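Take a look at the structure set out below.
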2 protein chains.
Amino acid sequence: MKPGVRAQAGYTLRSPATGRKLNQNECPHDLPADLKQAVLERAAAAPWQRYPEFVPRQLAERLAAHYGWVPEGIVVGNGSNELIQATLSVVLGEGESVVAPSPTFSLYRLLTGVLGGRYVAAPLTPAFEFDVDRIVETAVRERARVVVLNSPNNPTGSALPEGAVERIVSETGALVLCDEAYQDFGGPTAIPLLRATSRVVVLRTFSKAMGMAGLRFGLALAHPEVAGELAKGKLPYNVNVVTLAAAGIALDHAAVFAARTRAVVETRERFLPRLARLPGIDVIPTWANFVLIRCHARPASDVFRRLYEDHGILVRDVSHNGELSQCLRITIGTEDDMEAVLVALRQILTSDTEAS
Amino acid sequence: MKPGVRAQAGYTLRSPATGRKLNQNECPHDLPADLKQAVLERAAAAPWQRYPEFVPRQLAERLAAHYGWVPEGIVVGNGSNELIQATLSVVLGEGESVVAPSPTFSLYRLLTGVLGGRYVAAPLTPAFEFDVDRIVETAVRERARVVVLNSPNNPTGSALPEGAVERIVSETGALVLCDEAYQDFGGPTAIPLLRATSRVVVLRTFSKAMGMAGLRFGLALAHPEVAGELAKGKLPYNVNVVTLAAAGIALDHAAVFAARTRAVVETRERFLPRLARLPGIDVIPTWANFVLIRCHARPASDVFRRLYEDHGILVRDVSHNGELSQCLRITIGTEDDMEAVLVALRQILTSDTEAS
């Protein structure tokens, strides 16, 4: 094994069964029953013993129309994770650097490590806002091959300011990988920049707003020539026939998903001010389908445990990460979920028992 | 882009619609209708908006029982291709070498190139048999980090001689990656060696004998400690919920697949001697669900084209590869398929028109 791989902890997640699962930023609803049925019927009609299409051209055309880009500039993946890996693997030479804000999605660091690259963090501001000056400085100093920007950023919810990607492209020599897994819920998109530069790659996923985390579908949008290179880093036949069918059917019903996304955003906007009025926590402004809170009255691990054990609510305890000390990340679920979170947090934060 | 990536052609395949599709070594039959229905019902019951299990423990236990290994030594993948990539990515440092026989499955070379490794071919004998002496010599000389052995070997059908893997493990310092995608159809397996050494990784797929190429499922079997390292090279949530369900149901009905595999082998054994009696071709001995032929009376590309255009039979033209000059690869399909291939080849090989 490469020493850098052996030294590194794998990505892992324990996810116990629970009543309210608010730990993975999933959509609160399964696919509408009629759409699920349509996917299953299309899946039933497909010959499963045959490999999927080598390039799903028709789907690429539909995706291009949906996102406002060209079919030749689209690469589909087994979740957008595969396209993070593909991009890094075709761009990054051993010892070359990847710059990304910190804290952010941990997979960027893990994949950089496996590929023998150097991962350099450019911290967010103390208020968890993107520090574009610092990203540019770090990328220039480290001669970054890739700058990874997750906006809205997991786990903070922060969105890039308008114009940030343009600036990073023009002031650095890096490929800017814009992971827009949560962009449906808010903040700017870099997709319009694709017409102006070949140094931007945008990733989108069907795991969040499209509610298909279990099926694994994502895509990269890039200049066609760059897309051709990225495709060399992904595996042939990477998206299975059921998922290809599901992605097509989801695009047929894009309005359904747009309405569900608006509902999540509305739930978030009703939830956040009420959350902010609770004692003993700070609420980080968010553009995503999750919110980060910082507990200052009692330990986050205690709040996490009591949410789960006493209220059946599973959130994500990210407080082990020094930068996220005392922080928990809560997915925006249904209205009912968020009501339950408010009731539970109020009880936990105002109770004297087990205070520490 | 890394120069090594840019210089390299991507993996690609055109697969036109056809009556008899004998170009991808697929199973001739879809999943039996009752099993397909069972998979669809299990899929319908799953919440698609949720991520798949992080580690599908129950499935790993079933796979372990099926293959005679331990659950902690099993890593599942989005097809075994993903596990080739995962293995190479965690083991291979930039400039380090991978040794594999030649000709073999082209993905090993492509992935090695993307990862910045050095790919060194150890040719098969002129009769397309594994040359174990040469593999050992090459691996020692090149200080190979990995030796990749595809047995039965795609596209030649050759099987490793008994004892070859043991010898390569003991006489080289390499990790020996045994890609047994076709082992259900014949030849030895390296699975028993897993108890004796941590330098063997065995890959299996559900795309061939299990007839699920469209669903993408494969697995790696390795020493548990090695499996833990390999898992760092694969993506989290790499196998979708439908495929996890399908793999479980396939294992419930392993006898169905075993019977189908025996039928393919019987078809092959009836087909090969009749094929060998045709004029103008040589038939390479095969242990797989495909057979390589070498055309010496007329150009392979001409035979390929006439099979397709005049007879609706699509085989794989591999003759562009110098080592496989004048060769075509034919998947073993149904009895009816093979009868049609014999009729068509006889007509093409004995006709005077378009002789060249």
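Identifiers in this document derive from the order of the structure tokens: chains are assigned A, B, ..., residues are numbered from 1 separately in each chain, and ligands are numbered from 1 in order of occurrence.
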
Please report, as a tab-separated table, each residue of chain B lying at most 6 Å from chain A, together with the nearest pair of atoms and the separation in Å rounded to one decimal; use only C-alpha atoms, and order rows by chain and ascending residue number.
residue	atom	partner	partner_atom	distance
B:Met1	CA	A:Val91	CA	4.3
B:Lys2	CA	A:Val91	CA	5.2
B:Gly10	CA	A:Lys232	CA	5.2
B:Cys27	CA	A:Gln49	CA	5.8
B:Asp30	CA	A:Gln49	CA	5.1
B:Pro47	CA	A:Asp30	CA	5.7
B:Trp48	CA	A:Gly214	CA	4.7
B:Gln49	CA	A:Gly211	CA	4.4
B:Arg50	CA	A:Gly214	CA	5.2
B:Tyr51	CA	A:Gly214	CA	4.5
B:Pro52	CA	A:Gly214	CA	5.2
B:Val90	CA	A:Met1	CA	5.8
B:Val91	CA	A:Met1	CA	4.3
B:Val114	CA	A:Val90	CA	6.0
B:Gly211	CA	A:Gln49	CA	4.4
B:Met212	CA	A:Gln49	CA	4.5
B:Ala213	CA	A:Tyr51	CA	4.8
B:Gly214	CA	A:Tyr51	CA	4.5
B:Leu215	CA	A:Asn240	CA	4.9
B:Arg216	CA	A:Asn240	CA	5.9
B:Lys232	CA	A:Gly10	CA	5.2
B:Asn240	CA	A:Leu215	CA	4.9
B:Val241	CA	A:Gly214	CA	5.4

Residues near segment 331-348 of chain B, anyone? I mean within 8 Å using only C-alpha atoms, not counting same-chain ones fewer than 5 positions away, as a ChimeraX atom specification.
/B:20,22-28,264,267-268,271,274-275,278-279,289-291,303,306-307,311,313,315

Based on the selection just made, write N, CA and C atoms of those residues as a tab-separated table (two decimals), in the first residue's frame.
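This went into again.tsv:
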chain	number	residue	atom	x	y	z
B	20	ARG	N	-28.14	-10.57	-32.96
B	20	ARG	CA	-27.37	-11.45	-32.06
B	20	ARG	C	-26.17	-10.68	-31.56
B	22	LEU	N	-23.05	-10.63	-29.68
B	22	LEU	CA	-22.04	-11.55	-29.15
B	22	LEU	C	-20.70	-10.82	-29.04
B	23	ASN	N	-20.79	-9.54	-28.62
B	23	ASN	CA	-19.57	-8.71	-28.61
B	23	ASN	C	-19.11	-8.30	-27.22
B	24	GLN	N	-19.87	-8.59	-26.16
B	24	GLN	CA	-19.46	-8.11	-24.84
B	24	GLN	C	-19.44	-9.21	-23.77
B	25	ASN	N	-19.45	-10.44	-24.19
B	25	ASN	CA	-19.35	-11.57	-23.26
B	25	ASN	C	-20.42	-11.53	-22.18
B	26	GLU	N	-21.59	-11.07	-22.60
B	26	GLU	CA	-22.72	-11.03	-21.69
B	26	GLU	C	-23.39	-12.41	-21.62
B	27	CYS	N	-24.19	-12.57	-20.60
B	27	CYS	CA	-25.02	-13.76	-20.46
B	27	CYS	C	-26.11	-13.71	-21.53
B	28	PRO	N	-26.44	-14.84	-22.17
B	28	PRO	CA	-27.47	-14.76	-23.22
B	28	PRO	C	-28.88	-14.53	-22.70
B	264	VAL	N	-24.06	-22.73	-20.62
B	264	VAL	CA	-23.16	-21.97	-21.50
B	264	VAL	C	-21.90	-22.79	-21.79
B	267	THR	N	-22.77	-25.51	-24.23
B	267	THR	CA	-22.91	-24.92	-25.57
B	267	THR	C	-21.52	-24.67	-26.17
B	268	ARG	N	-20.64	-24.12	-25.36
B	268	ARG	CA	-19.26	-23.86	-25.81
B	268	ARG	C	-18.59	-25.16	-26.26
B	271	PHE	N	-19.89	-26.26	-29.46
B	271	PHE	CA	-19.60	-25.30	-30.54
B	271	PHE	C	-18.15	-25.38	-31.01
B	274	ARG	N	-16.95	-27.91	-33.72
B	274	ARG	CA	-17.58	-27.60	-35.01
B	274	ARG	C	-16.95	-26.34	-35.61
B	275	LEU	N	-16.66	-25.37	-34.75
B	275	LEU	CA	-15.99	-24.14	-35.21
B	275	LEU	C	-14.62	-24.48	-35.79
B	278	LEU	N	-14.22	-25.47	-39.42
B	278	LEU	CA	-14.43	-24.52	-40.52
B	278	LEU	C	-13.09	-24.20	-41.18
B	279	PRO	N	-13.11	-23.96	-42.48
B	279	PRO	CA	-11.86	-23.64	-43.18
B	279	PRO	C	-11.46	-22.18	-42.91
B	289	ASN	N	-16.48	-17.69	-21.49
B	289	ASN	CA	-17.74	-17.70	-22.24
B	289	ASN	C	-17.59	-16.93	-23.56
B	290	PHE	N	-16.39	-17.05	-24.11
B	290	PHE	CA	-16.13	-16.46	-25.42
B	290	PHE	C	-14.99	-17.24	-26.04
B	291	VAL	N	-14.79	-17.03	-27.34
B	291	VAL	CA	-13.69	-17.72	-28.01
B	291	VAL	C	-13.06	-16.75	-29.02
B	303	VAL	N	-14.60	-10.38	-42.41
B	303	VAL	CA	-15.46	-11.39	-41.78
B	303	VAL	C	-16.39	-10.72	-40.77
B	306	ARG	N	-19.16	-8.79	-42.61
B	306	ARG	CA	-20.17	-9.64	-43.25
B	306	ARG	C	-21.03	-10.36	-42.21
B	307	LEU	N	-20.43	-10.75	-41.09
B	307	LEU	CA	-21.24	-11.34	-40.01
B	307	LEU	C	-22.33	-10.37	-39.60
B	311	HIS	N	-25.65	-11.13	-41.70
B	311	HIS	CA	-26.23	-12.14	-40.82
B	311	HIS	C	-26.73	-11.58	-39.49
B	313	ILE	N	-25.13	-10.61	-36.94
B	313	ILE	CA	-24.39	-11.15	-35.79
B	313	ILE	C	-23.25	-10.17	-35.45
B	315	VAL	N	-20.00	-9.51	-33.41
B	315	VAL	CA	-18.94	-10.06	-32.56
B	315	VAL	C	-17.96	-8.93	-32.28

When you count only C-alpha atoms, which of these residues is closest to Pro103 of chain B: B:Pro71, B:Gly157, B:Gly218, B:Gly77?
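Smallest separation from Pro103 of chain B among the options: B:Gly157.
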
Name the residues of segment 199-242 of chain B that come out as alpha helix (DSSP H) in a backbone DSSP run; write them as a VMD selection string.
chain B and resid 224 to 233 241 to 242

Those residues with all heavy atoms, as a PDB file, in the first residue's frame please?
ATOM      1  N   PRO B 224      -8.371  -9.384   5.307  1.00  0.00           N
ATOM      2  CA  PRO B 224      -9.165  -8.286   5.875  1.00  0.00           C
ATOM      3  C   PRO B 224      -8.404  -6.969   5.995  1.00  0.00           C
ATOM      4  O   PRO B 224      -8.965  -5.900   5.731  1.00  0.00           O
ATOM      5  CB  PRO B 224      -9.561  -8.828   7.250  1.00  0.00           C
ATOM      6  CG  PRO B 224      -9.661 -10.307   7.049  1.00  0.00           C
ATOM      7  CD  PRO B 224      -8.557 -10.649   6.075  1.00  0.00           C
ATOM      8  N   GLU B 225      -7.122  -7.047   6.339  1.00  0.00           N
ATOM      9  CA  GLU B 225      -6.374  -5.791   6.471  1.00  0.00           C
ATOM     10  C   GLU B 225      -6.208  -5.116   5.099  1.00  0.00           C
ATOM     11  O   GLU B 225      -6.334  -3.894   4.969  1.00  0.00           O
ATOM     12  CB  GLU B 225      -5.000  -6.076   7.094  1.00  0.00           C
ATOM     13  CG  GLU B 225      -4.338  -4.839   7.636  1.00  0.00           C
ATOM     14  CD  GLU B 225      -2.936  -5.156   8.129  1.00  0.00           C
ATOM     15  OE1 GLU B 225      -2.780  -6.066   8.977  1.00  0.00           O
ATOM     16  OE2 GLU B 225      -1.983  -4.509   7.640  1.00  0.00           O
ATOM     17  N   VAL B 226      -5.943  -5.925   4.087  1.00  0.00           N
ATOM     18  CA  VAL B 226      -5.821  -5.394   2.728  1.00  0.00           C
ATOM     19  C   VAL B 226      -7.175  -4.855   2.251  1.00  0.00           C
ATOM     20  O   VAL B 226      -7.259  -3.778   1.644  1.00  0.00           O
ATOM     21  CB  VAL B 226      -5.307  -6.491   1.765  1.00  0.00           C
ATOM     22  CG1 VAL B 226      -5.300  -6.002   0.318  1.00  0.00           C
ATOM     23  CG2 VAL B 226      -3.913  -6.946   2.198  1.00  0.00           C
ATOM     24  N   ALA B 227      -8.230  -5.588   2.578  1.00  0.00           N
ATOM     25  CA  ALA B 227      -9.573  -5.146   2.171  1.00  0.00           C
ATOM     26  C   ALA B 227      -9.869  -3.761   2.757  1.00  0.00           C
ATOM     27  O   ALA B 227     -10.456  -2.904   2.089  1.00  0.00           O
ATOM     28  CB  ALA B 227     -10.626  -6.158   2.621  1.00  0.00           C
ATOM     29  N   GLY B 228      -9.446  -3.538   3.989  1.00  0.00           N
ATOM     30  CA  GLY B 228      -9.653  -2.231   4.622  1.00  0.00           C
ATOM     31  C   GLY B 228      -8.934  -1.125   3.871  1.00  0.00           C
ATOM     32  O   GLY B 228      -9.457  -0.006   3.735  1.00  0.00           O
ATOM     33  N   GLU B 229      -7.752  -1.438   3.358  1.00  0.00           N
ATOM     34  CA  GLU B 229      -7.014  -0.435   2.578  1.00  0.00           C
ATOM     35  C   GLU B 229      -7.668  -0.221   1.210  1.00  0.00           C
ATOM     36  O   GLU B 229      -7.800   0.911   0.754  1.00  0.00           O
ATOM     37  CB  GLU B 229      -5.551  -0.860   2.407  1.00  0.00           C
ATOM     38  CG  GLU B 229      -4.774  -1.033   3.714  1.00  0.00           C
ATOM     39  CD  GLU B 229      -4.610   0.269   4.498  1.00  0.00           C
ATOM     40  OE1 GLU B 229      -4.293   1.298   3.879  1.00  0.00           O
ATOM     41  OE2 GLU B 229      -4.820   0.242   5.725  1.00  0.00           O
ATOM     42  N   LEU B 230      -8.075  -1.305   0.571  1.00  0.00           N
ATOM     43  CA  LEU B 230      -8.740  -1.175  -0.734  1.00  0.00           C
ATOM     44  C   LEU B 230      -9.994  -0.312  -0.622  1.00  0.00           C
ATOM     45  O   LEU B 230     -10.313   0.468  -1.520  1.00  0.00           O
ATOM     46  CB  LEU B 230      -9.179  -2.538  -1.292  1.00  0.00           C
ATOM     47  CG  LEU B 230      -8.114  -3.575  -1.580  1.00  0.00           C
ATOM     48  CD1 LEU B 230      -8.721  -4.737  -2.365  1.00  0.00           C
ATOM     49  CD2 LEU B 230      -6.956  -2.967  -2.349  1.00  0.00           C
ATOM     50  N   ALA B 231     -10.698  -0.479   0.492  1.00  0.00           N
ATOM     51  CA  ALA B 231     -11.951   0.263   0.666  1.00  0.00           C
ATOM     52  C   ALA B 231     -11.703   1.766   0.645  1.00  0.00           C
ATOM     53  O   ALA B 231     -12.590   2.541   0.287  1.00  0.00           O
ATOM     54  CB  ALA B 231     -12.636  -0.154   1.963  1.00  0.00           C
ATOM     55  N   LYS B 232     -10.484   2.194   0.995  1.00  0.00           N
ATOM     56  CA  LYS B 232     -10.173   3.624   0.954  1.00  0.00           C
ATOM     57  C   LYS B 232     -10.083   4.139  -0.486  1.00  0.00           C
ATOM     58  O   LYS B 232     -10.179   5.337  -0.723  1.00  0.00           O
ATOM     59  CB  LYS B 232      -8.848   3.906   1.665  1.00  0.00           C
ATOM     60  CG  LYS B 232      -8.851   3.592   3.144  1.00  0.00           C
ATOM     61  CD  LYS B 232      -7.486   3.915   3.738  1.00  0.00           C
ATOM     62  CE  LYS B 232      -7.365   3.404   5.165  1.00  0.00           C
ATOM     63  NZ  LYS B 232      -5.972   3.576   5.674  1.00  0.00           N
ATOM     64  N   GLY B 233      -9.845   3.240  -1.415  1.00  0.00           N
ATOM     65  CA  GLY B 233      -9.722   3.648  -2.813  1.00  0.00           C
ATOM     66  C   GLY B 233     -11.048   3.633  -3.558  1.00  0.00           C
ATOM     67  O   GLY B 233     -11.139   4.126  -4.678  1.00  0.00           O
ATOM     68  N   VAL B 241     -28.975   1.001  -4.237  1.00  0.00           N
ATOM     69  CA  VAL B 241     -29.871   0.123  -3.477  1.00  0.00           C
ATOM     70  C   VAL B 241     -30.506  -0.979  -4.334  1.00  0.00           C
ATOM     71  O   VAL B 241     -30.756  -2.080  -3.830  1.00  0.00           O
ATOM     72  CB  VAL B 241     -30.992   0.926  -2.762  1.00  0.00           C
ATOM     73  CG1 VAL B 241     -30.389   1.806  -1.672  1.00  0.00           C
ATOM     74  CG2 VAL B 241     -31.815   1.762  -3.734  1.00  0.00           C
ATOM     75  N   VAL B 242     -30.745  -0.706  -5.601  1.00  0.00           N
ATOM     76  CA  VAL B 242     -31.354  -1.730  -6.455  1.00  0.00           C
ATOM     77  C   VAL B 242     -30.353  -2.862  -6.687  1.00  0.00           C
ATOM     78  O   VAL B 242     -30.695  -4.051  -6.623  1.00  0.00           O
ATOM     79  CB  VAL B 242     -31.822  -1.122  -7.798  1.00  0.00           C
ATOM     80  CG1 VAL B 242     -32.432  -2.198  -8.681  1.00  0.00           C
ATOM     81  CG2 VAL B 242     -32.810   0.024  -7.563  1.00  0.00           C
TER      82      VAL B 242
END

Select, from B:Ile74, B:Ala45, B:Ile284, B:Val98, the residue with the minimum atom-to-atom distance to Leu59 of chain B, counting only C-alpha atoms.
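Ranked by minimum distance to Leu59 of chain B, first place goes to B:Ile74.
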
When you draw a straight line from atom CA of Glu96 of chain A to atom CA of Leu124 of chain A, how long is it in Å?
22.1 Å

Find the residue from A:Glu166, A:Ala174, A:Thr205, A:Glu72 that sits nearest to Pro192 of chain A; use only C-alpha atoms when measuring.
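That would be A:Glu166, the residue with the smallest distance to Pro192 of chain A.
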
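When only C-alpha atoms are used to compute distances to Glu269 of chain B, the closest of the residues B:Asp310, B:Ala246, B:Val201, B:Gly186 turns out to be B:Gly186.
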
Can you tell me which residues surround Glu137 of chain A at a distance of at most 10 Å, considering only C-alpha atoms, apart from same-chain residues fewer than 3 positions away, and format the answer as a list in words?
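Returned residues: Ala122, Val132, Asp133, Arg134, Val140, Arg141, Glu142, Arg143, Ile168, Glu171 and Thr172 of chain A.
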
Could the residues in this selection be saved with all heavy atoms as a PDB file, in the first residue's frame?
ATOM      1  N   ALA A 122      -7.609  26.254   2.924  1.00  0.00           N
ATOM      2  CA  ALA A 122      -7.674  27.714   3.083  1.00  0.00           C
ATOM      3  C   ALA A 122      -8.895  27.987   3.959  1.00  0.00           C
ATOM      4  O   ALA A 122     -10.024  27.971   3.458  1.00  0.00           O
ATOM      5  CB  ALA A 122      -7.814  28.388   1.720  1.00  0.00           C
ATOM      6  N   VAL A 132     -12.378  34.560   0.005  1.00  0.00           N
ATOM      7  CA  VAL A 132     -11.913  34.428  -1.384  1.00  0.00           C
ATOM      8  C   VAL A 132     -10.470  34.923  -1.519  1.00  0.00           C
ATOM      9  O   VAL A 132      -9.662  34.325  -2.238  1.00  0.00           O
ATOM     10  CB  VAL A 132     -12.873  35.157  -2.362  1.00  0.00           C
ATOM     11  CG1 VAL A 132     -12.387  35.012  -3.800  1.00  0.00           C
ATOM     12  CG2 VAL A 132     -14.284  34.595  -2.226  1.00  0.00           C
ATOM     13  N   ASP A 133     -10.129  36.001  -0.800  1.00  0.00           N
ATOM     14  CA  ASP A 133      -8.732  36.468  -0.819  1.00  0.00           C
ATOM     15  C   ASP A 133      -7.792  35.343  -0.413  1.00  0.00           C
ATOM     16  O   ASP A 133      -6.767  35.095  -1.052  1.00  0.00           O
ATOM     17  CB  ASP A 133      -8.536  37.634   0.173  1.00  0.00           C
ATOM     18  CG  ASP A 133      -9.209  38.912  -0.305  1.00  0.00           C
ATOM     19  OD1 ASP A 133      -9.516  39.006  -1.506  1.00  0.00           O
ATOM     20  OD2 ASP A 133      -9.445  39.799   0.544  1.00  0.00           O
ATOM     21  N   ARG A 134      -8.154  34.678   0.655  1.00  0.00           N
ATOM     22  CA  ARG A 134      -7.289  33.631   1.189  1.00  0.00           C
ATOM     23  C   ARG A 134      -7.203  32.431   0.237  1.00  0.00           C
ATOM     24  O   ARG A 134      -6.146  31.810   0.096  1.00  0.00           O
ATOM     25  CB  ARG A 134      -7.839  33.206   2.546  1.00  0.00           C
ATOM     26  CG  ARG A 134      -6.929  32.246   3.244  1.00  0.00           C
ATOM     27  CD  ARG A 134      -7.050  32.408   4.731  1.00  0.00           C
ATOM     28  NE  ARG A 134      -6.047  31.580   5.380  1.00  0.00           N
ATOM     29  CZ  ARG A 134      -5.903  31.503   6.683  1.00  0.00           C
ATOM     30  NH1 ARG A 134      -6.666  32.227   7.494  1.00  0.00           N
ATOM     31  NH2 ARG A 134      -4.974  30.728   7.199  1.00  0.00           N
ATOM     32  N   VAL A 140      -2.314  30.505  -5.312  1.00  0.00           N
ATOM     33  CA  VAL A 140      -1.150  31.055  -6.010  1.00  0.00           C
ATOM     34  C   VAL A 140       0.135  30.545  -5.345  1.00  0.00           C
ATOM     35  O   VAL A 140       1.047  30.058  -6.020  1.00  0.00           O
ATOM     36  CB  VAL A 140      -1.204  32.602  -6.018  1.00  0.00           C
ATOM     37  CG1 VAL A 140       0.123  33.192  -6.499  1.00  0.00           C
ATOM     38  CG2 VAL A 140      -2.360  33.079  -6.912  1.00  0.00           C
ATOM     39  N   ARG A 141       0.176  30.643  -4.030  1.00  0.00           N
ATOM     40  CA  ARG A 141       1.384  30.241  -3.291  1.00  0.00           C
ATOM     41  C   ARG A 141       1.688  28.759  -3.512  1.00  0.00           C
ATOM     42  O   ARG A 141       2.840  28.365  -3.693  1.00  0.00           O
ATOM     43  CB  ARG A 141       1.185  30.517  -1.796  1.00  0.00           C
ATOM     44  CG  ARG A 141       2.433  30.305  -0.970  1.00  0.00           C
ATOM     45  CD  ARG A 141       2.142  30.484   0.528  1.00  0.00           C
ATOM     46  NE  ARG A 141       1.318  29.396   1.039  1.00  0.00           N
ATOM     47  CZ  ARG A 141       0.185  29.559   1.728  1.00  0.00           C
ATOM     48  NH1 ARG A 141      -0.275  30.765   2.012  1.00  0.00           N
ATOM     49  NH2 ARG A 141      -0.493  28.507   2.145  1.00  0.00           N
ATOM     50  N   GLU A 142       0.652  27.930  -3.500  1.00  0.00           N
ATOM     51  CA  GLU A 142       0.846  26.478  -3.594  1.00  0.00           C
ATOM     52  C   GLU A 142       0.827  25.986  -5.039  1.00  0.00           C
ATOM     53  O   GLU A 142       0.879  24.787  -5.280  1.00  0.00           O
ATOM     54  CB  GLU A 142      -0.250  25.753  -2.791  1.00  0.00           C
ATOM     55  CG  GLU A 142      -0.335  26.151  -1.331  1.00  0.00           C
ATOM     56  CD  GLU A 142       0.848  25.654  -0.524  1.00  0.00           C
ATOM     57  OE1 GLU A 142       1.511  24.691  -0.976  1.00  0.00           O
ATOM     58  OE2 GLU A 142       1.129  26.243   0.543  1.00  0.00           O
ATOM     59  N   ARG A 143       0.728  26.927  -5.972  1.00  0.00           N
ATOM     60  CA  ARG A 143       0.571  26.537  -7.388  1.00  0.00           C
ATOM     61  C   ARG A 143      -0.471  25.433  -7.538  1.00  0.00           C
ATOM     62  O   ARG A 143      -0.204  24.354  -8.107  1.00  0.00           O
ATOM     63  CB  ARG A 143       1.895  26.040  -7.971  1.00  0.00           C
ATOM     64  CG  ARG A 143       2.903  27.157  -8.003  1.00  0.00           C
ATOM     65  CD  ARG A 143       4.240  26.669  -8.483  1.00  0.00           C
ATOM     66  NE  ARG A 143       5.255  27.589  -7.983  1.00  0.00           N
ATOM     67  CZ  ARG A 143       6.453  27.741  -8.509  1.00  0.00           C
ATOM     68  NH1 ARG A 143       6.801  27.025  -9.541  1.00  0.00           N
ATOM     69  NH2 ARG A 143       7.303  28.585  -8.010  1.00  0.00           N
ATOM     70  N   ILE A 168     -11.288  33.585  -8.931  1.00  0.00           N
ATOM     71  CA  ILE A 168     -10.318  32.507  -8.682  1.00  0.00           C
ATOM     72  C   ILE A 168      -9.780  31.974 -10.015  1.00  0.00           C
ATOM     73  O   ILE A 168      -8.580  31.700 -10.150  1.00  0.00           O
ATOM     74  CB  ILE A 168     -10.957  31.400  -7.816  1.00  0.00           C
ATOM     75  CG1 ILE A 168     -11.301  31.985  -6.439  1.00  0.00           C
ATOM     76  CG2 ILE A 168     -10.026  30.201  -7.678  1.00  0.00           C
ATOM     77  CD1 ILE A 168     -12.216  31.117  -5.579  1.00  0.00           C
ATOM     78  N   GLU A 171      -7.328  34.771 -11.357  1.00  0.00           N
ATOM     79  CA  GLU A 171      -6.132  35.099 -10.561  1.00  0.00           C
ATOM     80  C   GLU A 171      -5.270  33.893 -10.210  1.00  0.00           C
ATOM     81  O   GLU A 171      -4.242  34.042  -9.553  1.00  0.00           O
ATOM     82  CB  GLU A 171      -6.550  35.856  -9.284  1.00  0.00           C
ATOM     83  CG  GLU A 171      -7.212  37.189  -9.631  1.00  0.00           C
ATOM     84  CD  GLU A 171      -7.535  38.040  -8.395  1.00  0.00           C
ATOM     85  OE1 GLU A 171      -6.967  37.789  -7.315  1.00  0.00           O
ATOM     86  OE2 GLU A 171      -8.375  38.955  -8.547  1.00  0.00           O
ATOM     87  N   THR A 172      -5.706  32.699 -10.582  1.00  0.00           N
ATOM     88  CA  THR A 172      -4.885  31.508 -10.329  1.00  0.00           C
ATOM     89  C   THR A 172      -4.788  30.706 -11.623  1.00  0.00           C
ATOM     90  O   THR A 172      -5.510  30.968 -12.578  1.00  0.00           O
ATOM     91  CB  THR A 172      -5.511  30.588  -9.247  1.00  0.00           C
ATOM     92  OG1 THR A 172      -6.584  29.835  -9.841  1.00  0.00           O
ATOM     93  CG2 THR A 172      -6.056  31.376  -8.058  1.00  0.00           C
TER      94      THR A 172
END

Can you pull out every residue from segment 25-108 of chain B that DSSP, working from the backbone, puts in strand (DSSP E), and format the result as a VMD selection string?
chain B and resid 74 to 77 97 to 102

Just N, CA and C atoms for this one: save the residues we selected as a JSON list (two decimals), in the first residue's frame.
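Final file, part.json:
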[["chain", "number", "residue", "atom", "x", "y", "z"],
["B", 74, "ILE", "N", -14.14, -8.75, 2.32],
["B", 74, "ILE", "CA", -14.91, -8.50, 1.10],
["B", 74, "ILE", "C", -15.22, -7.01, 0.93],
["B", 75, "VAL", "N", -14.95, -6.50, -0.25],
["B", 75, "VAL", "CA", -15.28, -5.11, -0.59],
["B", 75, "VAL", "C", -16.17, -5.15, -1.83],
["B", 76, "VAL", "N", -17.34, -4.51, -1.77],
["B", 76, "VAL", "CA", -18.23, -4.54, -2.94],
["B", 76, "VAL", "C", -17.99, -3.32, -3.81],
["B", 77, "GLY", "N", -18.27, -3.47, -5.10],
["B", 77, "GLY", "CA", -18.00, -2.39, -6.04],
["B", 77, "GLY", "C", -19.07, -2.24, -7.10],
["B", 97, "SER", "N", 5.49, 0.29, -11.24],
["B", 97, "SER", "CA", 5.06, -0.51, -12.39],
["B", 97, "SER", "C", 4.00, -1.56, -12.07],
["B", 98, "VAL", "N", 3.17, -1.74, -13.09],
["B", 98, "VAL", "CA", 2.17, -2.80, -13.11],
["B", 98, "VAL", "C", 2.56, -3.74, -14.25],
["B", 99, "VAL", "N", 2.64, -5.02, -13.94],
["B", 99, "VAL", "CA", 2.96, -6.01, -14.98],
["B", 99, "VAL", "C", 1.72, -6.86, -15.24],
["B", 100, "ALA", "N", 1.41, -7.06, -16.50],
["B", 100, "ALA", "CA", 0.28, -7.92, -16.87],
["B", 100, "ALA", "C", 0.60, -8.60, -18.18],
["B", 101, "PRO", "N", 0.01, -9.78, -18.39],
["B", 101, "PRO", "CA", 0.18, -10.44, -19.68],
["B", 101, "PRO", "C", -0.37, -9.57, -20.81],
["B", 102, "SER", "N", -0.02, -9.92, -22.01],
["B", 102, "SER", "CA", -0.51, -9.18, -23.16],
["B", 102, "SER", "C", -0.73, -10.15, -24.30]]

Separation of atom CA of Phe257 of chain B from atom CA of Asp317 of chain B, in Å and rounded to one decimal:
28.5 Å
